[in-house]
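Visitor: My file is work-v3.tsv. It has TSV, C-alpha atoms:
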chain	number	residue	atom	x	y	z
A	67	MET	CA	77.01	-18.82	129.50
A	68	ASN	CA	74.42	-16.05	129.66
A	69	SER	CA	71.14	-17.85	130.33
A	70	GLY	CA	69.35	-15.47	127.97
A	71	ALA	CA	71.69	-16.05	125.02
A	72	ALA	CA	69.83	-17.08	121.87
A	73	ALA	CA	70.82	-17.96	118.31
A	74	SER	CA	69.20	-17.44	114.92
A	75	LEU	CA	69.33	-20.96	113.51
A	76	VAL	CA	68.08	-22.90	110.51
A	77	GLU	CA	68.43	-26.42	111.89
A	78	CYS	CA	70.23	-28.82	114.20
A	79	PHE	CA	70.57	-32.43	113.07
A	80	SER	CA	72.85	-35.48	112.99
A	81	SER	CA	74.26	-36.79	109.74
A	82	ILE	CA	77.35	-37.81	107.79
A	83	GLN	CA	79.85	-35.15	106.77
A	84	GLY	CA	79.80	-35.18	102.98
A	85	GLU	CA	82.62	-32.78	102.15
A	86	GLY	CA	86.27	-32.15	102.91
A	87	VAL	CA	88.85	-34.12	104.87
A	88	LEU	CA	86.32	-35.41	107.42
A	89	VAL	CA	84.08	-36.92	104.73
A	90	GLY	CA	82.26	-39.96	106.06
A	91	MET	CA	82.47	-38.94	109.72
A	92	ARG	CA	79.26	-38.64	111.76
A	93	GLN	CA	78.68	-35.11	113.04
A	94	ALA	CA	76.10	-33.05	114.86
A	95	PHE	CA	75.30	-30.10	112.58
A	96	LEU	CA	74.37	-26.72	114.03
A	97	ARG	CA	73.39	-24.46	111.12
A	98	PHE	CA	73.25	-20.71	111.69
A	99	SER	CA	71.20	-18.42	109.46
A	100	GLY	CA	72.57	-15.53	107.47
A	101	CYS	CA	75.55	-15.05	105.18
A	102	ASN	CA	77.72	-12.13	104.10
A	103	LEU	CA	78.02	-13.53	100.56
A	104	SER	CA	75.56	-14.48	97.82
A	105	CYS	CA	77.23	-17.36	96.01
A	106	SER	CA	75.52	-18.38	92.80
A	107	PHE	CA	75.81	-22.08	93.70
A	108	CYS	CA	74.45	-21.81	97.25
A	109	ASP	CA	72.10	-24.70	98.00
A	110	THR	CA	71.36	-23.85	101.64
A	111	PRO	CA	67.97	-22.30	102.51
A	112	GLY	CA	67.49	-19.60	105.14
A	113	MET	CA	70.59	-17.60	104.30
A	114	THR	CA	69.10	-14.28	103.24
A	115	VAL	CA	66.29	-14.00	105.78
A	116	THR	CA	66.27	-15.66	109.19
A	117	PRO	CA	63.46	-18.23	109.22
A	118	LYS	CA	60.73	-17.75	111.80
A	119	GLU	CA	61.31	-21.29	113.02
A	120	CYS	CA	64.30	-23.54	113.50
A	121	GLN	CA	64.09	-27.28	112.87
A	122	LEU	CA	65.55	-29.43	115.67
A	123	GLU	CA	66.04	-33.17	115.35
A	124	LEU	CA	64.86	-34.96	118.48
A	125	THR	CA	66.65	-38.27	117.88
A	126	PRO	CA	70.04	-38.11	116.14
A	127	GLY	CA	69.79	-39.22	112.53
A	128	ARG	CA	66.09	-40.19	112.67
A	129	ARG	CA	64.76	-37.01	111.01
A	130	ASP	CA	62.04	-36.60	113.64
A	131	PHE	CA	62.22	-32.82	113.44
A	132	PHE	CA	60.17	-30.39	115.46
A	133	ALA	CA	59.97	-26.62	115.04
A	134	VAL	CA	60.89	-23.98	117.61
A	135	GLN	CA	60.72	-20.21	117.30
A	136	ASN	CA	63.80	-18.20	116.40
A	137	PRO	CA	65.95	-17.12	118.07
A	138	VAL	CA	66.57	-20.39	119.89
A	139	GLY	CA	67.88	-20.31	123.44
A	140	CYS	CA	71.47	-21.57	123.52
A	141	ASP	CA	70.72	-23.52	126.69
A	142	ARG	CA	68.16	-25.51	124.71
A	143	ILE	CA	70.70	-26.33	121.98
A	144	VAL	CA	73.31	-27.37	124.54
A	145	SER	CA	70.76	-29.54	126.35
A	146	LEU	CA	69.76	-31.27	123.10
A	147	LEU	CA	73.35	-32.02	122.14
A	148	GLU	CA	74.14	-33.22	125.66
A	149	SER	CA	71.20	-35.63	125.44
A	150	TRP	CA	72.58	-37.01	122.17
A	151	SER	CA	76.01	-37.46	123.70
A	152	ALA	CA	74.58	-39.23	126.74
A	153	GLY	CA	72.10	-41.41	124.87
A	154	TRP	CA	74.31	-42.30	121.91
A	155	PRO	CA	77.86	-42.02	123.26
A	156	GLY	CA	80.70	-42.09	120.78
A	157	ILE	CA	78.71	-41.89	117.54
A	158	HIS	CA	79.65	-38.28	116.71
A	159	HIS	CA	83.12	-37.15	115.78
A	160	SER	CA	82.44	-33.45	116.35
A	161	ILE	CA	79.93	-30.61	116.17
A	162	SER	CA	79.85	-28.85	112.81
A	163	VAL	CA	79.14	-25.16	113.35
A	164	THR	CA	78.00	-24.14	109.90
A	165	GLY	CA	75.74	-21.86	107.90
A	166	GLY	CA	75.44	-19.66	105.88
A	167	GLU	CA	78.32	-17.99	107.63
A	168	PRO	CA	78.45	-18.78	111.35
A	169	LEU	CA	81.12	-16.16	112.04
A	170	LEU	CA	78.47	-13.47	111.57
A	171	HIS	CA	77.41	-14.60	115.05
A	172	GLY	CA	80.88	-14.14	116.54
A	173	ALA	CA	79.83	-12.52	119.82
A	174	LEU	CA	77.36	-15.30	120.53
A	175	LEU	CA	79.88	-17.98	119.58
A	176	GLN	CA	82.30	-16.63	122.16
A	177	GLU	CA	79.77	-17.71	124.77
A	178	LEU	CA	78.46	-20.84	123.08
A	179	LEU	CA	81.59	-22.59	121.78
A	180	PRO	CA	83.19	-23.27	125.18
A	181	LYS	CA	80.04	-25.10	126.23
A	182	LEU	CA	79.77	-27.04	122.97
A	183	ARG	CA	83.40	-28.04	123.30
A	184	THR	CA	82.69	-29.79	126.60
A	185	ILE	CA	80.39	-32.10	124.63
A	186	LEU	CA	82.41	-32.71	121.45
A	187	PRO	CA	85.22	-31.11	119.44
A	188	VAL	CA	84.14	-28.07	117.40
A	189	TYR	CA	84.43	-28.07	113.61
A	190	LEU	CA	83.91	-24.67	111.96
A	191	GLU	CA	82.62	-24.55	108.37
A	192	THR	CA	83.18	-21.07	106.94
A	193	ASN	CA	83.52	-19.08	103.74
A	194	GLY	CA	86.84	-17.78	105.04
A	195	THR	CA	86.20	-14.06	104.61
A	196	LEU	CA	85.88	-12.77	108.19
A	197	PRO	CA	89.33	-13.08	109.81
A	198	GLU	CA	88.55	-10.47	112.45
A	199	ALA	CA	85.66	-12.62	113.68
A	200	LEU	CA	87.73	-15.80	113.65
A	201	GLU	CA	90.67	-14.64	115.74
A	202	PRO	CA	89.01	-14.41	119.19
A	203	LEU	CA	87.32	-17.78	118.67
A	204	LEU	CA	90.43	-19.78	117.78
A	205	PRO	CA	91.02	-21.16	121.31
A	206	GLN	CA	87.56	-22.82	121.19
A	207	ILE	CA	87.85	-24.37	117.70
A	208	ASP	CA	89.43	-27.73	116.88
A	209	TYR	CA	88.96	-28.04	113.11
A	210	ILE	CA	88.37	-25.50	110.35
A	211	GLY	CA	87.03	-26.18	106.88
A	212	MET	CA	87.29	-22.94	104.89
A	213	ASP	CA	86.27	-22.14	101.34
A	214	PHE	CA	88.05	-20.20	98.69
A	215	LYS	CA	85.26	-18.63	96.65
A	216	LEU	CA	86.43	-18.61	93.04
A	217	PRO	CA	84.93	-15.74	91.02
A	218	SER	CA	83.97	-18.07	88.15
A	219	ALA	CA	82.01	-20.56	90.25
A	220	SER	CA	80.63	-18.36	93.05
A	221	GLY	CA	80.13	-15.02	91.33
A	222	CYS	CA	81.94	-13.38	94.28
A	223	GLN	CA	84.75	-10.94	93.55
A	224	GLY	CA	87.70	-9.50	95.44
A	225	LEU	CA	88.03	-12.06	98.24
A	226	TRP	CA	91.65	-13.15	97.79
A	227	GLU	CA	93.14	-10.87	100.45
A	228	ALA	CA	90.47	-11.81	103.00
A	229	HIS	CA	91.05	-15.51	102.24
A	230	GLN	CA	94.79	-15.07	102.72
A	231	GLU	CA	94.48	-13.35	106.10
A	232	PHE	CA	91.86	-15.85	107.23
A	233	LEU	CA	94.04	-18.82	106.29
A	234	ARG	CA	97.03	-17.31	108.07
A	235	LEU	CA	95.01	-17.30	111.30
A	236	ALA	CA	93.30	-20.62	110.66
A	237	SER	CA	96.65	-22.34	110.11
A	238	GLN	CA	97.09	-22.33	113.88
A	239	LYS	CA	94.45	-25.08	113.91
A	240	SER	CA	93.76	-28.23	111.89
A	241	VAL	CA	92.53	-26.55	108.69
A	242	PHE	CA	91.85	-27.47	105.08
A	243	VAL	CA	90.75	-25.40	102.09
A	244	LYS	CA	87.83	-26.37	99.85
A	245	VAL	CA	87.43	-24.96	96.34
A	246	VAL	CA	84.20	-25.51	94.42
A	247	VAL	CA	84.84	-25.66	90.67
A	248	ASP	CA	82.45	-25.66	87.73
A	249	LYS	CA	82.74	-25.77	83.97
A	250	GLY	CA	83.63	-22.07	83.89
A	251	THR	CA	86.53	-22.31	86.34
A	252	GLU	CA	89.76	-21.01	84.86
A	253	GLU	CA	93.22	-22.42	85.44
A	254	TRP	CA	94.60	-19.19	86.88
A	255	GLU	CA	92.04	-19.43	89.71
A	256	ILE	CA	93.37	-22.84	90.73
A	257	GLU	CA	96.96	-21.64	90.42
A	258	ARG	CA	96.30	-18.55	92.52
A	259	SER	CA	94.54	-20.63	95.17
A	260	CYS	CA	97.50	-22.99	95.37
A	261	ALA	CA	100.00	-20.15	95.56
A	262	LEU	CA	98.04	-18.57	98.39
A	263	ILE	CA	97.93	-21.84	100.33
A	264	ALA	CA	101.61	-22.57	99.71
A	265	GLY	CA	102.49	-19.10	100.95
A	266	VAL	CA	100.95	-19.96	104.32
A	267	ASP	CA	101.82	-23.66	104.55
A	268	PRO	CA	102.07	-26.11	101.62
A	269	ALA	CA	101.02	-28.94	103.96
A	270	ILE	CA	97.50	-27.49	104.30
A	271	PRO	CA	95.18	-29.90	102.42
A	272	LEU	CA	93.25	-28.65	99.40
A	273	ILE	CA	89.93	-30.20	98.39
A	274	LEU	CA	88.80	-29.66	94.80
A	275	GLN	CA	85.03	-30.13	94.81
A	276	PRO	CA	83.22	-30.40	91.46
A	277	MET	CA	79.90	-28.60	91.62
A	278	THR	CA	76.81	-30.78	91.93
A	279	LEU	CA	74.06	-29.83	89.47
A	280	PRO	CA	70.35	-29.90	90.39
A	281	ASP	CA	69.92	-33.26	88.64
A	282	GLY	CA	72.66	-34.80	90.79
A	283	THR	CA	75.33	-34.94	88.10
A	284	LEU	CA	78.66	-33.13	88.32
A	285	ALA	CA	79.34	-29.90	86.44
A	286	VAL	CA	82.95	-30.81	85.60
A	287	SER	CA	84.12	-33.76	83.52
A	288	PRO	CA	86.44	-36.39	85.03
A	289	LEU	CA	89.23	-35.34	82.67
A	290	ARG	CA	88.91	-31.67	83.59
A	291	MET	CA	89.13	-32.51	87.29
A	292	LEU	CA	92.38	-34.38	86.62
A	293	GLU	CA	93.68	-31.37	84.71
A	294	PHE	CA	92.82	-29.08	87.63
A	295	GLN	CA	94.59	-31.41	90.04
A	296	GLU	CA	97.69	-31.33	87.83
A	297	LEU	CA	97.96	-27.58	88.50
A	298	THR	CA	98.44	-28.10	92.25
A	299	GLY	CA	101.94	-29.57	92.32
A	300	GLY	CA	103.24	-27.13	94.93
A	301	LEU	CA	100.96	-28.56	97.61
A	302	LYS	CA	101.52	-31.75	99.57
A	303	GLU	CA	97.91	-32.98	99.76
A	304	VAL	CA	95.24	-32.39	97.12
A	305	ARG	CA	92.05	-34.44	96.95
A	306	VAL	CA	89.13	-34.43	94.52
A	307	ILE	CA	85.92	-35.05	96.51
A	308	PRO	CA	82.34	-34.33	95.34
A	309	GLN	CA	79.44	-33.73	97.71
A	310	THR	CA	79.13	-37.33	98.84
A	311	HIS	CA	76.18	-36.76	101.18
A	312	LYS	CA	73.96	-35.95	98.21
A	313	PHE	CA	74.34	-39.29	96.48
A	314	MET	CA	74.18	-41.11	99.86
A	315	GLY	CA	70.81	-39.52	100.57
A	316	GLN	CA	72.13	-37.86	103.75
A	317	LEU	CA	71.10	-34.40	104.90
Could you show the structure in this file as structure tokens?
Guide:
Amino acid sequence: MNSGAAASLVECFSSIQGEGVLVGMRQAFLRFSGCNLSCSFCDTPGMTVTPKECQLELTPGRRDFFAVQNPVGCDRIVSLLESWSAGWPGIHHSISVTGGEPLLHGALLQELLPKLRTILPVYLETNGTLPEALEPLLPQIDYIGMDFKLPSASGCQGLWEAHQEFLRLASQKSVFVKVVVDKGTEEWEIERSCALIAGVDPAIPLILQPMTLPDGTLAVSPLRMLEFQELTGGLKEVRVIPQTHKFMGQL
């Protein structure tokens, strides 16, 4: 890896994965700044402007953060994660490369991911809209959690074709699709999502995630979530999972 390579990051920390098929697994989270979308439900800071400082957790899970200037040298990130792996062997399932949208940093990831993968498997969390950035990285990725951004919940329009091409590529790996739903979500959006997934591979898991409101309650009633799940009969695996890390008090 280029010794001068550096990344614009928000934070690096250890916690419990709260969403998707790996819910409950311990991961090291490497959060990149910046995003190509502006979802109305986004709850992640540092996505529009790169923060001047990145927060690094010294001891995994202990929240003893210290600040370093952005961009952060990739050698420093690798060294930190190696120290976690050596000092606390076996506690982490994988490294979650997340954001924002980490694929905006595709050129850097081509250098960084091979090194990260010598420490732990790589889990990519993505909005699933940049297939051209994903393709060259596929050999260095083990798991992919991709979103379908429904127009009703996210406010984003015209992403279906990008999602379809992205999923076609991502299906070469262990991938699942997550769909955030709110009280305005329409049935046709669920049906179109399912048809798109089935057209690639009906065995790809779908996670229906009810939106978490600022007060910690869910935006969709239990009955409505069951009704949404009833629209997904063409798929082999559909789960309803809220953001569990929020009610566990995890980061």
Visitor: Which of these, A:Thr195, A:Gln223, A:Gln121, A:Ser237, has the shortest distance to Phe95 of chain A once you count only C-alpha atoms?
Guide: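 For Phe95 of chain A, the nearest of the given residues is A:Gln121.
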Visitor: Rounded to one decimal in Å, what is the spacing between atom CA of Tyr209 of chain A and atom CA of Asp130 of chain A?
Guide: 28.3 Å
Visitor: Report the distance between atom CA of Thr116 of chain A and atom CA of Ala199 of chain A in Å, rounded to one decimal place.
Guide: 20.1 Å
Visitor: When distances are computed from all atoms listed in the file, which of A:Pro308, A:Ile207, A:Leu262, A:Val243 shows the smallest separation from Glu227 of chain A?
Guide: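 Using all atoms listed in the file, the shortest distance to Glu227 of chain A belongs to A:Leu262.
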Visitor: Figure out the distance between atom CA of Ser162 of chain A and atom CA of Val76 of chain A, please, to one decimal in Å.
Guide: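 The value is 13.4 Å.
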Visitor: Taking all atoms listed in the file into account, which of A:Asp248, A:Glu77, A:Glu177, A:Asp267 comes nearest Gly221 of chain A?
Guide: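 Selected residue with least distance to Gly221 of chain A: A:Asp248.
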Visitor: Within 10 Å of Val188 of chain A, counting only C-alpha atoms, which residues show up once you throw out same-chain ones fewer than 4 positions away? Write them as a list in words, please.
Guide: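 Within the cut-off, the hits are Gln93, Ala94, His159, Ser160, Ile161, Ser162, Val163, Leu179, Pro180, Leu182, Arg183, Thr184, Gln206, Ile207, Asp208, Tyr209 and Ile210 of chain A.
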Visitor: Nearest to Ala73 of chain A among A:Val144, A:Leu301, A:Val266, A:Leu203, with distances taken over only C-alpha atoms: which residue is it?
Guide: A:Val144
Visitor: Using all atoms listed in the file for the distances, tell me which of A:Val286, A:Ile82, A:Ile185, A:Leu75 is nearest to Ser149 of chain A.
Guide: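 Among the listed residues, A:Ile185 lies closest to Ser149 of chain A.
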